[in-house]
Amino acid sequence: MDSGKLSTVELFRLITSYEPYDYQLRAWEKIGKAMSNGEKVVIEVPTAGGKTEAAVMPFLAEVYNRTWAVSRLIYVLPTRSLVEKQAERIRRLLTEVLKLKGKSEKEAKELAESLVTVEYGLEPTHAFLGWVVVTTWDAFLYGLAAHRTVGTRFTFPAGSIAQSIVVFDEVQMYQDEGLYMPRLLSLVVEKLEKANVPVVFMSATIPTALREMIAGTSEIISVEEADVRKPERGKVNVRVVEGTLEGVLDDIKETLKRGDRVLVVRNTVNTAVLTYLRLKALSKELGVEPLLIHGRFAVGDRKEKESDLDNARLIVATQVVEAGLDLPNVGLVVTDIAPLDALIQRIGRCARRPREKGEGIILVPMEDSINPEKTVRGFNELKEKLKGKGLVFATINNEKKTREKYGGKVAEIIYKAEKTNDASKETGKKGKDEKTAYVGDINNAKTILGRKKEKKKPQLPGDLYVLPYSAVPYDPLVLLLSHDELGSLGQYLYDVGKAREALDRVYRFHYANNLVPREFHSAYVYFRELKLFSAPPEYELRSRPELYSMLYVLDENAEEELKFEGSRIIRVSHSTLKVLWGDMKDCIKGKLVRRWNANEERYDWVLEMVREKSPRALTIYAVSSECYSRELGFWRGTGHGQNKGVKQTSREDNARDVSPGSERRNNSGKTAQATLLDFMGVRE
């Protein structure tokens with residue numbers, strides 16, 4: 001029963017039966033002040049450290065006490081894959097709060113279900129209603145700044161945001177090649193700060209430059225050495241295996257045999273699917289059936305797979321599980337080599353509870369087809385081979401001439417054996433006595449060696465060094481630097497300070513290369529000029545540097561009558577779609593457009609023939625159900641017989657919304673560009 005007002009600490013004890021950590025006490029005090037004064041709060045705590053409770057408990061205390069310093073909590077995540085799980089976690093906390101207020105368990109659960117809402121691109125309103133709104137970066141951005149004209153877009157999403165506390169979780173995932181999203185996020189935060197909106201940033205793995213770009217010099221709340229009550233997790237042993245999955249099958253079998261879970265994380269959808277098929281073939285020997293989850297499942301199937309994660313003992317996934325996956329008894333994580341922050345997050349899924357034990361294995365495949373003298377694993381090994389004492393600068397070179405010579409994008413390393421030219425450190429330009437080397441991955445090498453020449457056998461350029469594995473989808477420069485930190489990765493799971501220092505080393509060139517704002521990005525200009533409650537200027541709104549398109553899985557009767565369900569949508573980045581385009585010819589049945597029906601005075605969906613030789617961004621392509629399976633999703637092997645025998649049905653790339661800012665509004669007799677909102681009948 002309601003027994004008067006409770007402090008955040010008292011409420012936490014009552015609904016969790018736990019004592020709060022010392023850092024949570026500091027966070028709650030700081031957030032309590034922020035909700036009144038509109039300040040910024042930065043929480044930097046290791047994985048499994050209770051960051052969610054640190055962020056939401058002060059607001060739940062306001063709800064319980066009916067004091068309402070802010071009217072709602074908006075919890076922003078970088079990807080769609082994290083939203084549902086996080087919403088459910090907050091619902092559980094709110095259910096306990098409502099039970100304290102006298103609600104029965106059934107009433108509390110039903111009320112929590114309605115009060116914690118999810119907004120990530122498939123909702124008809126984007127109204128940001130509810131006490132707690134769990135949303136994606138894309139949906140938050142559009143709710144704050146999209147054209148707010150009555151009848152098409154409600155006028156109150158920005159008002160809802162202005163009356164809320166906004167939490168940006170897993171901030172490390174906002175990094176991209178040009179640092180476009182962090183710069184855009186920093187502009188958004190600047191607007192929120194001017195409107196006195198309290199903002200909380202959270203991460204376990206955030207480089208200093210990224211944190212300062214987004215949150216400025218705000219005080220960091222973290223676990224301190226003198227803390228008496230601090231997060232504890234199980235013991236994780238980390239080791240590097242220079243080989244493939246085949247070399248760790250015995251480790252997988254042994255872990256499953258003792259009853260623990262196994263998580264295998266691959267860098268691409270293709271390798272994840274092939275790994276799943278390999279483990280499925282061994283299911284009798286392993287004693288379990290694997291579960292596959294990646295970004296190219298239709299929304300409905302993706303939700304089902306996420307709900308199945310709790311009971312799965314062998315999970316094969318891509319980056320979608322890097323953050324937000326909180327399962328007990330994960331005894332083994334096997335992962336491809338990846339950027340250091342991604343590795344900390346992936347292996348951080350292991351042994352998350354006290355007294356649990358587990359192991360993290362990082363796979364570094366070694367191709368023996370390349371001359372060992374040309375192969376490098378890490379940056380230190382590269383410097384030894386260059387015989388250089390002074391590294392001057394490093395960057396990523398993706399220019400056309402460079403790609404043609406070196407087989408694709410490469411890391412460009414400027415070095416000097418003796419003195420270092422200080423001016424070149426700032427400009428990235430070579431001094432008089434400096435030399436240049438290049439580093440690509442195994443794909444670069446295979447591209448070069450596969451070229452056909454009449455006179456002589458193709459050879460690798462003398463200044464090119466090769467990673468013995470595929471760097472896709474990451475930059476070879478970041479992987480080079482990450483490799484040098486693998487030996488200490490076990491420490492970084494427990495010590496955020498050491499992890500930050502290591503991340504600063506890994507990303508030092510990345511930020512030095514990209515800190516200059518790119519004014520040609522229209523969304524950057526958009527937010528630089530936006531005022532919170534004014535109509536935004538006429539710029540294209542793009543929340544991410546990459547454009548996205550949609551695939552819509554048709555049912556068997558699609559040609560007779562087009563019926564659309566949001567659960568059938570698959571989002572694919574434009575660059576990925578270009579790679580898949582050649583394999584998709586037999587799968588594509590047309591593109592979907594909305595054509596005005598003058599007789600019925602409405603838009604109808606129609607299929608138009610696809611004439612383009614390459615895909616267009618912000619387009620909806622209809623694909624045959626024969627090219628999609630609930631088991632494997634949509635992947636490059638689709639359409640070539642790999643899915644035969646798999647039950648077909650119609651039910652995401654990771655989490656990207658198509659921007660409505662580029663939408664055309666057309667009238668009678670014309671076709672209208674379709675967006676996600678059209679699927680939900682908003683403009684009927």
# chains A, B, ... in the order shown; residues from 1 in each chain; ligands from 1

$ residues_around --residues "A:Gly49" --least-positions-apart "3" --cutoff "10 Å" --atoms "only C-alpha atoms" --output "ChimeraX atom specification"
/A:21,23-24,44-46,52-54,204,222-223,230-233,352-353,494

$ residues_around --residues "A:Ser164" --least-positions-apart "5" --cutoff "8 Å" --atoms "only C-alpha atoms" --output "list in words"
Val70, Ser71, Arg72, Leu73, Ile74, Val197 and Pro198 of chain A

$ residues_around --residues "A:Gly247" --least-positions-apart "2" --cutoff "12 Å" --atoms "only C-alpha atoms" --output "ChimeraX atom specification"
/A:240-245,249-253,334,361-365
